[in-house]
file entry24.csv (CSV, C-alpha atoms)
chain,number,residue,atom,x,y,z
A,1,MET,CA,66.4,128.9,122.2
A,2,SER,CA,68.0,127.6,125.4
A,3,ALA,CA,64.7,126.1,126.5
A,4,LEU,CA,64.8,123.9,123.4
A,5,LEU,CA,68.4,122.8,123.9
A,6,ARG,CA,68.7,119.1,124.2
A,7,GLU,CA,71.8,117.4,125.4
A,8,PRO,CA,73.3,114.9,122.9
A,9,ALA,CA,74.2,111.5,123.9
A,10,GLU,CA,77.6,111.1,125.6
A,11,ARG,CA,80.3,109.2,123.9
A,12,THR,CA,82.9,107.6,126.1
A,13,ASP,CA,86.0,105.6,125.7
A,14,PRO,CA,86.3,103.3,128.7
A,15,GLY,CA,89.8,102.0,127.9
A,16,THR,CA,91.1,98.6,128.7
A,17,SER,CA,93.5,97.1,131.2
A,18,LYS,CA,95.6,95.9,128.3
A,19,GLY,CA,96.0,99.4,127.1
A,20,ALA,CA,97.0,100.6,130.6
A,21,THR,CA,99.6,97.9,130.8
A,22,GLY,CA,101.0,98.9,127.4
A,23,ARG,CA,101.3,102.5,128.5
A,24,GLU,CA,103.2,101.4,131.6
A,25,ARG,CA,105.6,99.4,129.5
A,26,LEU,CA,106.0,102.4,127.2
A,27,VAL,CA,106.8,104.7,130.1
A,28,GLU,CA,109.4,102.2,131.4
A,29,ASP,CA,111.0,101.9,127.9
A,30,PHE,CA,111.0,105.6,127.4
A,31,ARG,CA,112.8,106.3,130.6
A,32,ALA,CA,115.2,103.5,129.8
A,33,GLY,CA,116.2,105.4,126.7
A,34,LYS,CA,114.8,103.0,124.1
A,35,ARG,CA,114.2,104.7,120.7
A,36,PRO,CA,111.2,102.6,119.7
A,37,ALA,CA,109.4,103.9,122.9
A,38,LEU,CA,110.2,107.5,121.9
A,39,ALA,CA,108.9,106.9,118.4
A,40,ARG,CA,105.7,105.3,119.7
A,41,ALA,CA,105.1,108.1,122.2
A,42,ILE,CA,105.5,110.6,119.4
A,43,SER,CA,103.0,108.7,117.2
A,44,MET,CA,100.5,108.6,120.0
A,45,VAL,CA,100.8,112.4,120.4
A,46,GLU,CA,100.5,113.0,116.7
A,47,GLY,CA,97.5,110.7,116.4
A,48,GLY,CA,95.7,112.2,119.4
A,49,ARG,CA,95.1,108.7,120.8
A,50,PRO,CA,93.1,108.2,124.0
A,51,GLY,CA,95.2,108.6,127.2
A,52,VAL,CA,97.8,111.0,125.6
A,53,ALA,CA,97.3,113.6,128.2
A,54,ALA,CA,98.0,111.1,131.0
A,55,LEU,CA,101.0,109.7,129.1
A,56,LEU,CA,102.5,113.2,128.7
A,57,ARG,CA,102.1,113.9,132.3
A,58,ARG,CA,104.1,110.8,133.1
A,59,LEU,CA,106.8,111.6,130.6
A,60,LEU,CA,107.2,115.4,130.7
A,61,LEU,CA,107.3,116.2,134.4
A,62,ALA,CA,111.0,117.2,134.2
A,63,ARG,CA,112.8,120.5,133.8
A,64,PRO,CA,113.7,121.3,130.2
A,65,GLN,CA,117.4,120.7,129.5
A,66,ALA,CA,117.9,120.7,125.7
A,67,SER,CA,119.2,123.6,123.6
A,68,ARG,CA,116.5,124.3,121.1
A,69,LEU,CA,117.3,126.0,117.8
A,70,GLY,CA,114.5,127.0,115.4
A,71,VAL,CA,115.5,127.5,111.8
A,72,THR,CA,113.0,129.4,109.7
A,73,GLY,CA,112.9,131.4,106.5
A,74,PRO,CA,111.4,131.3,103.0
A,75,PRO,CA,111.2,128.2,100.9
A,76,GLY,CA,114.4,127.3,99.1
A,77,ALA,CA,116.7,129.2,101.5
A,78,GLY,CA,118.6,126.0,102.3
A,79,LYS,CA,117.3,125.3,105.8
A,80,SER,CA,117.5,121.6,105.6
A,81,SER,CA,121.1,121.7,104.3
A,82,LEU,CA,122.1,124.0,107.1
A,83,ILE,CA,120.5,121.8,109.8
A,84,ALA,CA,122.2,118.8,108.3
A,85,GLY,CA,125.6,120.6,108.5
A,86,LEU,CA,125.0,121.7,112.0
A,87,ALA,CA,124.0,118.2,113.1
A,88,ASN,CA,127.1,116.7,111.6
A,89,LEU,CA,129.3,119.4,113.3
A,90,MET,CA,127.6,118.6,116.7
A,91,ARG,CA,128.2,114.9,116.2
A,92,GLU,CA,131.9,115.5,115.5
A,93,GLY,CA,131.9,117.0,119.0
A,94,GLY,CA,130.3,113.9,120.4
A,95,GLU,CA,126.9,115.4,121.0
A,96,GLU,CA,123.6,113.7,120.2
A,97,VAL,CA,121.0,115.7,118.1
A,98,ALA,CA,117.3,115.4,117.5
A,99,ILE,CA,115.8,117.0,114.4
A,100,VAL,CA,112.1,117.9,113.9
A,101,ALA,CA,111.4,118.8,110.2
A,102,VAL,CA,108.0,120.2,109.3
A,103,ASP,CA,106.7,119.9,105.8
A,104,PRO,CA,103.4,121.3,104.3
A,105,THR,CA,100.4,119.1,103.9
A,106,SER,CA,98.7,119.1,100.5
A,107,PRO,CA,95.2,120.8,100.7
A,108,PHE,CA,94.0,118.4,98.0
A,109,SER,CA,95.3,115.0,99.0
A,110,GLY,CA,96.0,115.6,102.7
A,111,GLY,CA,99.5,114.0,102.2
A,112,ALA,CA,102.9,115.5,102.6
A,113,LEU,CA,106.1,114.9,100.6
A,114,LEU,CA,108.3,115.2,103.7
A,115,GLY,CA,111.2,116.3,101.5
A,116,ASP,CA,113.2,117.4,104.5
A,117,ARG,CA,113.7,113.8,105.4
A,118,ILE,CA,114.9,113.1,101.9
A,119,ARG,CA,117.4,115.9,102.0
A,120,MET,CA,118.7,114.7,105.4
A,121,ASN,CA,119.0,111.1,104.2
A,122,ASP,CA,122.7,111.0,104.9
A,123,LEU,CA,122.0,111.5,108.6
A,124,THR,CA,119.7,108.6,109.1
A,125,THR,CA,122.4,106.0,109.6
A,126,ASP,CA,124.0,107.9,112.5
A,127,PRO,CA,122.8,106.4,115.8
A,128,GLY,CA,123.4,109.7,117.5
A,129,ILE,CA,120.8,111.6,115.4
A,130,PHE,CA,117.1,111.2,115.6
A,131,ILE,CA,115.0,112.7,112.8
A,132,ARG,CA,111.2,113.1,113.0
A,133,SER,CA,109.4,114.5,110.0
A,134,MET,CA,106.0,116.0,110.6
A,135,ALA,CA,103.2,117.3,108.3
A,136,THR,CA,101.4,120.5,109.1
A,137,ARG,CA,98.0,119.0,108.5
A,138,GLY,CA,96.5,122.4,108.0
A,139,SER,CA,98.2,124.0,111.0
A,140,LEU,CA,99.3,127.6,110.4
A,141,GLY,CA,102.4,129.3,111.8
A,142,GLY,CA,105.1,127.1,110.2
A,143,LEU,CA,104.7,124.2,112.6
A,144,ALA,CA,102.5,121.1,112.9
A,145,ALA,CA,99.8,121.1,115.6
A,146,THR,CA,101.8,118.8,117.9
A,147,THR,CA,105.3,120.0,117.1
A,148,ARG,CA,105.7,121.5,120.6
A,149,GLU,CA,104.7,118.3,122.3
A,150,VAL,CA,107.1,116.3,120.2
A,151,ILE,CA,109.9,118.7,121.0
A,152,ASP,CA,109.1,118.3,124.7
A,153,LEU,CA,109.3,114.5,124.4
A,154,LEU,CA,112.7,114.7,122.7
A,155,ASP,CA,113.9,117.0,125.5
A,156,ALA,CA,112.5,114.6,128.2
A,157,PHE,CA,114.1,111.7,126.4
A,158,GLY,CA,117.5,113.3,126.9
A,159,PHE,CA,118.6,114.8,123.6
A,160,PRO,CA,120.9,117.8,124.4
A,161,ASN,CA,120.3,119.5,121.1
A,162,ILE,CA,117.0,119.9,119.2
A,163,LEU,CA,117.0,121.5,115.8
A,164,ILE,CA,113.6,122.5,114.4
A,165,GLU,CA,113.0,123.4,110.8
A,166,THR,CA,109.8,125.2,110.0
A,167,VAL,CA,107.7,124.6,106.9
A,168,GLY,CA,109.0,127.7,105.1
A,169,VAL,CA,105.8,129.6,104.4
A,170,GLY,CA,107.4,133.1,104.8
A,171,GLN,CA,106.0,135.9,106.8
A,172,THR,CA,103.4,134.0,108.9
A,173,GLU,CA,105.5,131.3,110.5
A,174,LEU,CA,106.0,132.9,113.9
A,175,GLU,CA,105.1,129.9,116.1
A,176,ILE,CA,108.7,129.0,116.2
A,177,ALA,CA,109.4,132.0,118.4
A,178,SER,CA,107.3,130.4,121.2
A,179,THR,CA,108.8,127.0,120.7
A,180,ALA,CA,112.6,127.4,120.4
A,181,ASP,CA,115.0,129.1,122.7
A,182,SER,CA,117.0,130.5,119.8
A,183,VAL,CA,115.6,131.4,116.3
A,184,ALA,CA,117.8,131.6,113.2
A,185,VAL,CA,116.2,133.3,110.2
A,186,VAL,CA,117.7,132.1,107.0
A,187,LEU,CA,117.7,134.3,103.9
A,188,VAL,CA,119.4,134.3,100.5
A,189,PRO,CA,120.8,137.1,98.4
A,190,GLU,CA,117.6,137.0,96.3
A,191,SER,CA,115.4,137.6,99.4
A,192,GLY,CA,115.1,141.3,98.6
A,193,ASP,CA,115.7,144.5,100.3
A,194,GLY,CA,116.2,144.2,104.1
A,195,ILE,CA,114.1,147.2,105.0
A,196,GLN,CA,111.2,145.8,103.0
A,197,ALA,CA,111.6,142.5,104.7
A,198,MET,CA,111.4,144.2,108.1
A,199,LYS,CA,107.6,144.6,107.4
A,200,ALA,CA,107.3,140.8,107.9
A,201,GLY,CA,106.9,139.4,111.4
A,202,LEU,CA,109.4,136.8,110.4
A,203,MET,CA,112.2,139.4,110.7
A,204,GLU,CA,111.1,140.4,114.2
A,205,ILE,CA,111.7,137.0,115.8
A,206,ALA,CA,115.3,136.4,114.8
A,207,ASP,CA,118.1,135.9,117.3
A,208,LEU,CA,120.5,135.1,114.4
A,209,PHE,CA,120.4,136.1,110.8
A,210,VAL,CA,121.9,133.7,108.2
A,211,VAL,CA,122.5,134.7,104.6
A,212,ASN,CA,122.9,131.3,103.0
A,213,LYS,CA,124.1,130.6,99.5
A,214,SER,CA,126.6,133.3,100.0
A,215,ASP,CA,128.5,132.3,96.9
A,216,ARG,CA,125.8,134.0,94.8
A,217,ILE,CA,126.0,137.6,93.7
A,218,GLY,CA,124.4,140.1,96.2
A,219,ALA,CA,125.3,138.2,99.4
A,220,ASP,CA,127.3,141.1,100.9
A,221,ARG,CA,124.6,143.6,99.9
A,222,MET,CA,122.0,141.5,101.7
A,223,VAL,CA,124.1,141.3,104.9
A,224,ARG,CA,124.5,145.1,104.8
A,225,ALA,CA,120.7,145.6,104.3
A,226,ILE,CA,119.8,143.3,107.2
A,227,ARG,CA,122.2,145.1,109.5
A,228,GLN,CA,120.8,148.5,108.5
A,229,ALA,CA,117.3,147.1,109.1
A,230,LEU,CA,118.3,146.0,112.6
A,231,LEU,CA,119.7,149.5,113.3
A,232,LEU,CA,116.5,151.1,112.2
A,233,ARG,CA,114.5,148.7,114.4
A,234,THR,CA,116.5,149.6,117.5
A,235,GLY,CA,116.3,153.3,116.6
A,236,HIS,CA,120.0,153.7,115.8
A,237,GLY,CA,119.7,153.8,112.0
A,238,GLY,CA,117.8,157.0,111.6
A,239,HIS,CA,116.4,158.7,114.7
A,240,ASP,CA,114.4,161.2,112.7
A,241,VAL,CA,112.8,158.6,110.4
A,242,PRO,CA,109.6,157.0,111.6
A,243,ALA,CA,109.1,153.3,111.1
A,244,HIS,CA,106.5,151.8,108.8
A,245,HIS,CA,103.2,153.7,109.2
A,246,GLY,CA,104.8,155.9,111.8
A,247,VAL,CA,105.2,153.1,114.4
A,248,ASP,CA,108.4,153.3,116.5
A,249,LEU,CA,109.8,149.8,116.3
A,250,SER,CA,112.4,150.5,119.0
A,251,SER,CA,109.8,151.1,121.7
A,252,ALA,CA,107.8,148.2,120.5
A,253,ALA,CA,110.8,145.9,120.8
A,254,ALA,CA,111.6,147.1,124.3
A,255,GLN,CA,108.1,146.3,125.4
A,256,THR,CA,107.8,142.9,123.9
A,257,GLY,CA,111.3,141.5,124.5
A,258,PRO,CA,111.8,138.6,126.8
A,259,ALA,CA,113.3,140.8,129.5
A,260,ALA,CA,110.0,142.6,129.9
A,261,ASP,CA,107.3,141.2,132.2
A,262,PRO,CA,104.3,140.0,130.3
A,263,ASP,CA,100.9,141.7,130.8
A,264,PRO,CA,99.1,140.0,133.7
A,265,SER,CA,96.1,139.1,131.6
A,266,PRO,CA,96.7,139.6,127.9
A,267,PRO,CA,94.0,138.4,125.5
A,268,HIS,CA,96.6,136.2,123.9
A,269,PRO,CA,99.9,135.2,125.4
A,270,PRO,CA,102.9,137.2,124.2
A,271,THR,CA,105.4,135.7,121.8
A,272,PRO,CA,109.0,135.8,123.0
A,273,SER,CA,111.1,138.1,120.9
A,274,PRO,CA,114.8,139.0,120.8
A,275,SER,CA,116.1,140.9,123.9
A,276,PRO,CA,117.4,144.4,123.1
A,277,HIS,CA,120.6,143.5,125.0
A,278,TRP,CA,121.6,140.8,122.5
A,279,ASN,CA,123.5,142.1,119.5
A,280,ILE,CA,121.9,140.0,116.7
A,281,PRO,CA,124.6,138.6,114.4
A,282,VAL,CA,124.3,138.6,110.7
A,283,PHE,CA,126.6,136.2,109.0
A,284,LYS,CA,127.1,134.3,105.7
A,285,THR,CA,127.0,130.5,105.0
A,286,SER,CA,127.1,128.4,101.9
A,287,ALA,CA,125.6,125.0,102.8
A,288,GLY,CA,126.3,123.7,99.3
A,289,ARG,CA,130.0,124.3,99.7
A,290,GLY,CA,130.0,123.4,103.4
A,291,GLU,CA,131.1,126.9,104.4
A,292,GLY,CA,130.0,128.8,107.5
A,293,PHE,CA,128.8,125.9,109.7
A,294,ASP,CA,131.4,126.7,112.4
A,295,ASP,CA,130.3,130.3,112.5
A,296,PHE,CA,126.6,129.2,112.7
A,297,LEU,CA,127.3,126.8,115.6
A,298,GLU,CA,129.5,129.4,117.4
A,299,HIS,CA,126.8,132.1,117.2
A,300,PHE,CA,124.1,129.6,118.4
A,301,ARG,CA,126.2,128.6,121.4
A,302,ALA,CA,126.9,132.3,122.1
A,303,HIS,CA,123.2,133.0,122.2
A,304,GLN,CA,122.5,130.1,124.4
A,305,HIS,CA,125.2,131.3,126.8
A,306,TYR,CA,123.7,134.8,126.7
A,307,LEU,CA,120.2,133.5,127.5
A,308,THR,CA,121.5,131.5,130.4
A,309,VAL,CA,123.7,134.2,132.1
A,310,SER,CA,121.2,137.0,131.5
A,311,GLY,CA,118.2,135.1,132.9
A,312,ALA,CA,116.4,135.5,129.5
A,313,LEU,CA,116.2,131.8,129.0
A,314,GLU,CA,114.0,131.3,132.1
A,315,LYS,CA,111.8,134.2,131.0
A,316,ARG,CA,111.4,132.7,127.6
A,317,ARG,CA,110.5,129.3,129.1
A,318,ARG,CA,107.9,131.0,131.3
A,319,LEU,CA,106.4,132.8,128.4
A,320,ARG,CA,106.4,129.5,126.5
A,321,ALA,CA,104.6,127.8,129.4
A,322,ARG,CA,102.0,130.6,129.5
A,323,ARG,CA,101.3,130.2,125.9
A,324,ARG,CA,101.2,126.5,126.1
A,325,ILE,CA,98.5,126.6,128.8
A,326,HIS,CA,96.4,129.0,126.6
A,327,ASP,CA,96.9,126.8,123.6
A,328,VAL,CA,96.0,123.5,125.3
A,329,ILE,CA,92.9,125.0,126.9
A,330,GLU,CA,91.7,126.7,123.7
A,331,GLY,CA,92.3,123.5,121.8
A,332,ARG,CA,90.3,121.3,124.1
A,333,LEU,CA,87.5,123.8,124.3
A,334,ARG,CA,87.5,124.0,120.5
A,335,ARG,CA,87.4,120.2,120.1
A,336,ARG,CA,84.7,119.8,122.7
A,337,ALA,CA,82.6,122.5,121.0
A,338,GLY,CA,83.1,120.8,117.6
A,339,GLU,CA,82.1,117.4,118.9
A,340,PHE,CA,79.1,118.9,120.7
A,341,LEU,CA,77.8,120.7,117.6
A,342,GLU,CA,78.3,117.9,115.2
A,343,ARG,CA,76.4,115.4,117.4
A,344,HIS,CA,73.6,117.7,118.4
A,345,PRO,CA,70.3,117.1,116.7
A,346,ASP,CA,69.4,120.8,116.6
A,347,LEU,CA,72.5,121.9,114.6
A,348,SER,CA,70.6,121.8,111.2
A,349,ARG,CA,67.8,123.9,112.7
A,350,TRP,CA,70.2,126.4,114.1
A,351,VAL,CA,72.0,126.7,110.7
A,352,ALA,CA,68.7,127.2,108.9
A,353,GLU,CA,67.7,129.9,111.4
A,354,VAL,CA,71.0,131.8,111.1
A,355,ALA,CA,71.0,131.5,107.3
A,356,SER,CA,67.4,132.8,107.0
A,357,GLY,CA,68.0,135.7,109.3
A,358,ARG,CA,65.7,134.5,112.1
A,359,GLU,CA,68.6,134.1,114.5
A,360,THR,CA,72.2,135.2,114.7
A,361,ALA,CA,75.3,133.1,115.4
A,362,TYR,CA,75.7,135.1,118.6
A,363,GLY,CA,72.3,134.0,119.8
A,364,VAL,CA,73.1,130.4,119.1
A,365,ALA,CA,76.4,130.7,120.9
A,366,GLU,CA,74.8,132.2,124.0
A,367,ALA,CA,72.4,129.3,124.2
A,368,VAL,CA,75.0,126.6,123.4
A,369,ILE,CA,78.1,127.6,125.3
A,370,PRO,CA,76.7,126.9,128.8
A,371,ALA,CA,75.7,123.4,127.6
A,372,ILE,CA,79.1,122.8,126.1
A,373,LEU,CA,80.9,123.7,129.3
A,374,ARG,CA,78.5,121.8,131.5
A,375,LYS,CA,80.1,118.4,131.0
A,376,ASP,CA,83.4,117.2,129.6
A,377,PRO,CA,82.7,114.5,127.0
A,378,GLU,CA,86.0,112.8,127.8
A,379,THR,CA,85.9,112.7,131.6
A,380,GLY,CA,82.1,113.0,132.2
A,381,THR,CA,82.8,115.8,134.7

call {"tool": "encode", "arguments": {"input": "entry24.csv", "output": "structure tokens"}}
result
Amino acid sequence: MSALLREPAERTDPGTSKGATGRERLVEDFRAGKRPALARAISMVEGGRPGVAALLRRLLLARPQASRLGVTGPPGAGKSSLIAGLANLMREGGEEVAIVAVDPTSPFSGGALLGDRIRMNDLTTDPGIFIRSMATRGSLGGLAATTREVIDLLDAFGFPNILIETVGVGQTELEIASTADSVAVVLVPESGDGIQAMKAGLMEIADLFVVNKSDRIGADRMVRAIRQALLLRTGHGGHDVPAHHGVDLSSAAAQTGPAADPDPSPPHPPTPSPSPHWNIPVFKTSAGRGEGFDDFLEHFRAHQHYLTVSGALEKRRRLRARRRIHDVIEGRLRRRAGEFLERHPDLSRWVAEVASGRETAYGVAEAVIPAILRKDPETGT
């Protein structure tokens, strides 16, 4: 098959001097702290416009400074209201805040309601708060495809606090663990038994547990259940009782925590998880009544302090950088492969051969991959 492989025509984007001049002005305005430049840079990243990689290199070559808090949990837990309350509390202390709120994209229309922006409408008039709503656009893991780049831009712009709200899909939104420094998992009294919830990966990424809507019946019971689940996970809640399917969660936590060195060459980069030396707090809030925001902020600050003095923050940032390298390379290779295949005149023939059993997808891949890697369609190298 490789002998019949024909290279498709190259498609290039030469760019213009006018575009280069515009990017220089954007960089200058961004560094001068002009909000329109920040908004434009974010839009360029979200749209995947030409020259984004070069732009990010100009804007992001700086050490991260912001405190990043990810707020995740099931839909309806009150994440938006909690973030709004935290933002207001930070503003009372004179601190600026950036908020990234991710909403799901409709699989039918491709649009997104961006309801988080609606619920945070009272914050939009505060000049010290910047809110960016993002649609998932089919991305899994609770975040949009470019959420991490947007957060990095907000950090480089100078926001000292970045609050990230995930889409609220439940057990699968674990990307926040490799994006934020601290992760708060928000549950409600109706979330169910804490031990049962421990089966979800969502429970494994928490640095803070928040039981919101605590004015409802069952809030205290939920707090106790989560605390018992944490004891079981660390091996202190029942030494003779094996974890789910006989897996010892305490040893797993010790191996995957941020204090442990990552495997030199894992097939996928590890996801940062809570350090066993941090006592995960479980506390109650009632966003509707405006209660518990002080405790939330205090616990968040305490965790940030712990990360800094223990060295765990630097370890998490290194793990995050490792994963980012993997993700960017995989994304570019995936995009290049897709463009190559869609433009190749032999794609229909390969599909027919695989569908009829005359060839396998593995055989096609072995013939195609060398050609895909031979030349970069963007740079021509």

call {"tool": "residues_near_point", "arguments": {"input": "entry24.csv", "point": "(133.1, 124.4, 114.1)", "cutoff": "12 Å", "atoms": "only C-alpha atoms", "output": "tab-separated table (two decimals) with C-alpha atoms, in the frame of the given file"}}
result
chain	number	residue	atom	x	y	z
A	85	GLY	CA	125.60	120.60	108.50
A	86	LEU	CA	125.00	121.70	112.00
A	87	ALA	CA	124.00	118.20	113.10
A	88	ASN	CA	127.10	116.70	111.60
A	89	LEU	CA	129.30	119.40	113.30
A	90	MET	CA	127.60	118.60	116.70
A	91	ARG	CA	128.20	114.90	116.20
A	92	GLU	CA	131.90	115.50	115.50
A	93	GLY	CA	131.90	117.00	119.00
A	290	GLY	CA	130.00	123.40	103.40
A	291	GLU	CA	131.10	126.90	104.40
A	292	GLY	CA	130.00	128.80	107.50
A	293	PHE	CA	128.80	125.90	109.70
A	294	ASP	CA	131.40	126.70	112.40
A	295	ASP	CA	130.30	130.30	112.50
A	296	PHE	CA	126.60	129.20	112.70
A	297	LEU	CA	127.30	126.80	115.60
A	298	GLU	CA	129.50	129.40	117.40
A	299	HIS	CA	126.80	132.10	117.20
A	300	PHE	CA	124.10	129.60	118.40
A	301	ARG	CA	126.20	128.60	121.40

call {"tool": "closest_residue", "arguments": {"input": "entry24.csv", "among": "A:Leu26, A:Ala361, A:Ala37, A:Val368", "to": "A:Leu341", "atoms": "only C-alpha atoms"}}
result
A:Val368

call {"tool": "atom_distance", "arguments": {"input": "entry24.csv", "atom1": "atom CA of A:Ala98", "atom2": "atom CA of A:Leu69"}}
result
10.6 Å

call {"tool": "closest_residue", "arguments": {"input": "entry24.csv", "among": "A:Leu59, A:Val354, A:Pro36, A:Leu231", "to": "A:Glu24", "atoms": "all atoms listed in the file"}}
result
A:Leu59

call {"tool": "atom_distance", "arguments": {"input": "entry24.csv", "atom1": "atom CA of A:His326", "atom2": "atom CA of A:Leu55"}}
result
20.0 Å
